[in-house]
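S.K.: Structure file coords.csv (CSV, C-alpha atoms) is given on the next line.
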```
chain,number,residue,atom,x,y,z
C,589,MET,CA,-36.2,46.0,-72.6
C,590,LYS,CA,-36.6,48.8,-75.0
C,591,ASP,CA,-37.8,48.9,-78.6
C,592,TYR,CA,-35.1,50.1,-81.0
C,593,ILE,CA,-35.6,53.7,-82.2
C,594,GLU,CA,-33.6,54.9,-85.2
C,595,GLY,CA,-31.2,57.7,-84.4
C,596,ARG,CA,-31.4,57.3,-80.6
C,597,VAL,CA,-28.3,56.9,-78.5
C,598,TYR,CA,-28.1,53.7,-76.5
C,599,TYR,CA,-25.7,53.2,-73.6
C,600,ASP,CA,-23.3,50.4,-72.7
C,601,ARG,CA,-25.4,47.4,-71.5
C,602,ASP,CA,-28.8,48.7,-72.8
C,603,LEU,CA,-31.1,46.0,-74.1
C,604,VAL,CA,-33.2,46.6,-77.2
C,605,VAL,CA,-35.2,44.5,-79.7
C,606,GLY,CA,-33.8,44.8,-83.1
C,607,ASN,CA,-35.8,45.0,-86.3
C,608,ASP,CA,-35.2,41.4,-87.2
C,609,GLY,CA,-36.6,39.9,-84.0
C,610,ALA,CA,-33.3,39.6,-82.3
C,611,LEU,CA,-32.4,40.9,-78.8
C,612,TYR,CA,-29.2,43.0,-78.7
C,613,GLN,CA,-27.2,44.4,-75.9
C,614,ALA,CA,-25.0,47.6,-76.4
C,615,ASP,CA,-21.3,46.9,-75.9
C,616,ARG,CA,-20.6,50.6,-75.8
C,617,ASP,CA,-22.5,53.9,-76.1
C,618,THR,CA,-23.8,54.0,-79.7
C,619,ALA,CA,-26.3,55.3,-82.2
C,620,ALA,CA,-25.6,52.5,-84.7
C,621,THR,CA,-28.4,50.3,-85.9
C,622,PRO,CA,-28.1,46.6,-84.8
C,623,PRO,CA,-26.7,44.3,-86.0
C,624,HIS,CA,-23.4,46.3,-85.7
C,625,THR,CA,-20.1,45.8,-83.9
C,626,ASP,CA,-21.3,48.2,-81.2
C,627,TRP,CA,-24.0,45.6,-80.4
C,628,ARG,CA,-23.9,42.0,-79.0
C,629,CYS,CA,-26.6,39.7,-80.2
C,630,VAL,CA,-28.1,38.1,-77.0
C,631,THR,CA,-30.7,36.0,-78.8
C,632,ARG,CA,-32.2,35.8,-82.2
C,633,ALA,CA,-35.0,34.0,-83.9
C,634,GLY,CA,-33.9,30.6,-85.0
C,635,ARG,CA,-35.2,27.2,-86.0
C,636,ASP,CA,-36.1,25.1,-83.1
C,637,GLY,CA,-33.2,26.4,-81.1
C,638,ALA,CA,-30.7,24.4,-83.2
C,639,ASP,CA,-28.6,27.4,-84.0
C,640,ALA,CA,-28.8,29.0,-80.5
C,641,VAL,CA,-25.8,30.0,-78.5
C,642,LYS,CA,-26.2,28.2,-75.1
C,643,PHE,CA,-24.7,28.5,-71.6
C,644,ARG,CA,-22.2,25.8,-71.0
C,645,ILE,CA,-21.5,24.9,-67.4
C,646,GLU,CA,-17.7,24.0,-67.3
C,647,GLY,CA,-17.1,23.4,-63.6
C,648,THR,CA,-14.2,24.8,-61.7
C,649,TYR,CA,-12.1,27.4,-63.6
C,650,ASP,CA,-8.9,25.9,-65.1
C,651,PRO,CA,-6.4,28.4,-66.4
C,652,ASP,CA,-5.2,25.9,-69.0
C,653,ALA,CA,-8.6,25.2,-70.4
C,654,LYS,CA,-10.1,26.8,-73.6
C,655,TYR,CA,-13.4,28.6,-72.9
C,656,ARG,CA,-16.0,29.9,-75.4
C,657,GLN,CA,-18.6,32.6,-75.2
C,658,LEU,CA,-21.2,31.7,-72.4
C,659,SER,CA,-19.0,29.2,-70.7
C,660,ILE,CA,-19.8,29.3,-67.0
C,661,VAL,CA,-17.0,28.5,-64.5
C,662,MET,CA,-16.8,28.5,-60.7
C,663,LEU,CA,-13.9,30.3,-58.9
C,664,ASN,CA,-13.6,30.9,-55.2
C,665,GLY,CA,-17.3,30.3,-54.5
C,666,SER,CA,-18.4,32.7,-57.3
C,667,SER,CA,-19.4,31.9,-60.9
C,668,PHE,CA,-18.4,33.8,-64.0
C,669,VAL,CA,-19.7,33.8,-67.6
C,670,ALA,CA,-17.3,34.2,-70.6
C,671,ARG,CA,-18.2,37.3,-72.5
C,672,HIS,CA,-16.6,36.0,-75.7
C,673,ASP,CA,-14.4,33.1,-77.0
C,674,ASP,CA,-11.0,32.8,-75.4
C,675,PRO,CA,-11.8,35.2,-72.5
C,676,GLY,CA,-8.4,35.1,-70.8
C,677,PRO,CA,-7.7,34.8,-67.1
C,678,CYS,CA,-10.7,34.7,-64.7
C,679,PRO,CA,-11.6,37.0,-63.3
C,680,GLY,CA,-10.8,39.6,-66.0
C,681,ASP,CA,-12.3,41.7,-68.7
C,682,GLY,CA,-13.3,38.7,-70.7
C,683,TRP,CA,-15.5,37.4,-67.8
C,684,GLN,CA,-18.8,38.7,-66.3
C,685,LEU,CA,-19.5,37.9,-62.6
C,686,PHE,CA,-22.7,35.7,-62.7
C,687,THR,CA,-23.1,34.9,-59.0
C,688,SER,CA,-21.1,36.1,-56.1
C,689,VAL,CA,-20.2,34.2,-52.9
C,690,GLY,CA,-22.0,35.7,-49.9
C,691,LYS,CA,-20.6,36.6,-46.5
C,692,ARG,CA,-20.6,34.0,-43.9
C,693,GLY,CA,-23.5,34.4,-41.5
C,694,GLN,CA,-23.5,34.4,-37.7
C,695,GLN,CA,-23.5,31.0,-36.1
C,696,GLY,CA,-26.9,29.9,-34.9
C,697,PRO,CA,-27.7,28.4,-31.5
C,698,LYS,CA,-26.6,24.9,-30.8
C,699,GLY,CA,-29.4,22.4,-31.5
C,700,GLU,CA,-30.5,19.4,-29.5
C,701,ARG,CA,-28.7,16.1,-30.1
C,702,GLY,CA,-30.4,14.0,-32.7
C,703,GLU,CA,-31.3,10.3,-32.5
C,704,ARG,CA,-28.6,7.8,-33.4
C,705,GLY,CA,-28.5,7.1,-37.1
C,706,LEU,CA,-28.8,3.7,-38.9
C,707,THR,CA,-26.0,1.3,-39.0
C,708,GLY,CA,-25.2,-1.5,-41.4
C,709,PRO,CA,-26.2,-1.7,-45.1
C,710,LEU,CA,-29.1,0.8,-44.8
C,711,ALA,CA,-26.6,3.5,-43.6
C,712,THR,CA,-24.8,3.4,-47.0
C,713,ALA,CA,-26.7,5.7,-49.3
C,714,PRO,CA,-25.8,6.0,-53.0
C,715,ARG,CA,-23.6,8.9,-53.9
C,716,ILE,CA,-23.7,11.2,-57.0
C,717,ALA,CA,-21.5,9.6,-59.7
C,718,SER,CA,-22.0,12.1,-62.5
C,719,THR,CA,-24.2,15.0,-63.7
C,720,GLU,CA,-24.9,16.4,-67.1
C,721,ILE,CA,-27.4,18.7,-68.8
C,722,ASP,CA,-29.1,17.0,-71.7
C,723,ALA,CA,-30.4,18.7,-75.0
C,724,ASP,CA,-33.8,19.3,-73.4
C,725,TYR,CA,-32.2,21.3,-70.5
C,726,ASN,CA,-32.7,18.6,-67.9
C,727,LEU,CA,-30.1,18.1,-65.2
C,728,VAL,CA,-29.5,14.4,-65.2
C,729,ILE,CA,-27.9,13.1,-61.9
C,730,ARG,CA,-26.5,9.5,-62.0
C,731,HIS,CA,-25.9,7.8,-58.7
C,732,SER,CA,-23.4,5.2,-57.6
C,733,ASP,CA,-26.1,2.6,-57.5
C,734,ASN,CA,-27.0,3.2,-61.2
C,735,SER,CA,-30.2,5.0,-60.3
C,736,CYS,CA,-30.9,8.3,-62.0
C,737,ASP,CA,-32.8,11.6,-61.1
C,738,THR,CA,-33.8,14.2,-63.7
C,739,ILE,CA,-34.6,17.8,-62.9
C,740,PRO,CA,-36.1,20.0,-65.6
C,741,LEU,CA,-34.0,23.3,-65.9
C,742,ARG,CA,-35.7,24.9,-68.9
C,743,PRO,CA,-38.4,26.7,-66.8
C,744,ALA,CA,-35.6,28.2,-64.5
C,745,PHE,CA,-33.5,29.3,-67.5
C,746,GLU,CA,-36.6,30.9,-69.2
C,747,GLN,CA,-37.5,32.7,-66.0
C,748,PHE,CA,-33.9,34.0,-65.6
C,749,LEU,CA,-33.9,35.2,-69.2
C,750,MET,CA,-37.3,37.0,-68.8
C,751,GLU,CA,-36.0,38.6,-65.6
C,752,ALA,CA,-32.8,39.7,-67.4
C,753,VAL,CA,-34.8,41.1,-70.4
C,754,ARG,CA,-37.1,43.1,-68.1
C,755,THR,CA,-34.2,44.9,-66.4
```
In structure tokens, write the structure found in this file.

M.R.:
Amino acid sequence: MKDYIEGRVYYDRDLVVGNDGALYQADRDTAATPPHTDWRCVTRAGRDGADAVKFRIEGTYDPDAKYRQLSIVMLNGSSFVARHDDPGPCPGDGWQLFTSVGKRGQQGPKGERGERGLTGPLATAPRIASTEIDADYNLVIRHSDNSCDTIPLRPAFEQFLMEAVRT
């Protein structure tokens, strides 16, 4: 992260802190002062986050679906983030690779045979029925037996944002 300096040239994808407390990313080489069309506002001061632009996990990419800026989709084992509203076909110029599928590793040695598993009603474990991310950035997992698990995601997102800002 760099502090904005008047008159300095910034390059495509440079991050700076604007004068109004916002974080901007250069969309092209520029000497223009943010906010400007040469800059993309990554985050800005708001009121309790009510006006924040947020990541939206959309699931598997669907060419017929309408996506907005920061929609995250899965495609062939990788995930992509929409750079703007109506980003077009994925992958493409309107999408940024977010995570990439890795190469398959070598097969490990064959392990010993395990003990025989349970049979009967105890062998039937509940399955995941649905998931959602609530307004407090918690991953809510609902199971087929109507039980529910909640995983707080806000610390992970904050850590990711701080890592991105540092680079």

S.K.: Could you check how far atom CA of C:Asn664 sits from atom CA of C:Thr719, in Å to one decimal?

M.R.: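 Answer for the atom CA of C:Asn664 to atom CA of C:Thr719 separation: 20.9 Å.
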
S.K.: So that I can see what lies close to C:Asp681, please list as a VMD selection string the residues with an atom at most 12 Å from it, counting all atoms listed in the file and leaving out residues fewer than 6 positions away in the same chain.

M.R.: chain C and resid 668 to 672 674 to 675

S.K.: Rounded to one decimal in Å, what is the spacing between atom CA of C:Ile660 and atom CA of C:Asp733?

M.R.: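 Taking atom CA of C:Ile660 and atom CA of C:Asp733, their separation equals 29.0 Å.
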
S.K.: With distances taken over all atoms listed in the file, which residue among C:Arg632, C:Arg730, C:Ile593, C:Pro623 lies nearest C:Pro714?

M.R.: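 Closest candidate: C:Arg730.
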
S.K.: Could you tell me how far atom CA of C:Ile645 lies from atom CA of C:His624, in Å and to one decimal?

M.R.: 28.2 Å
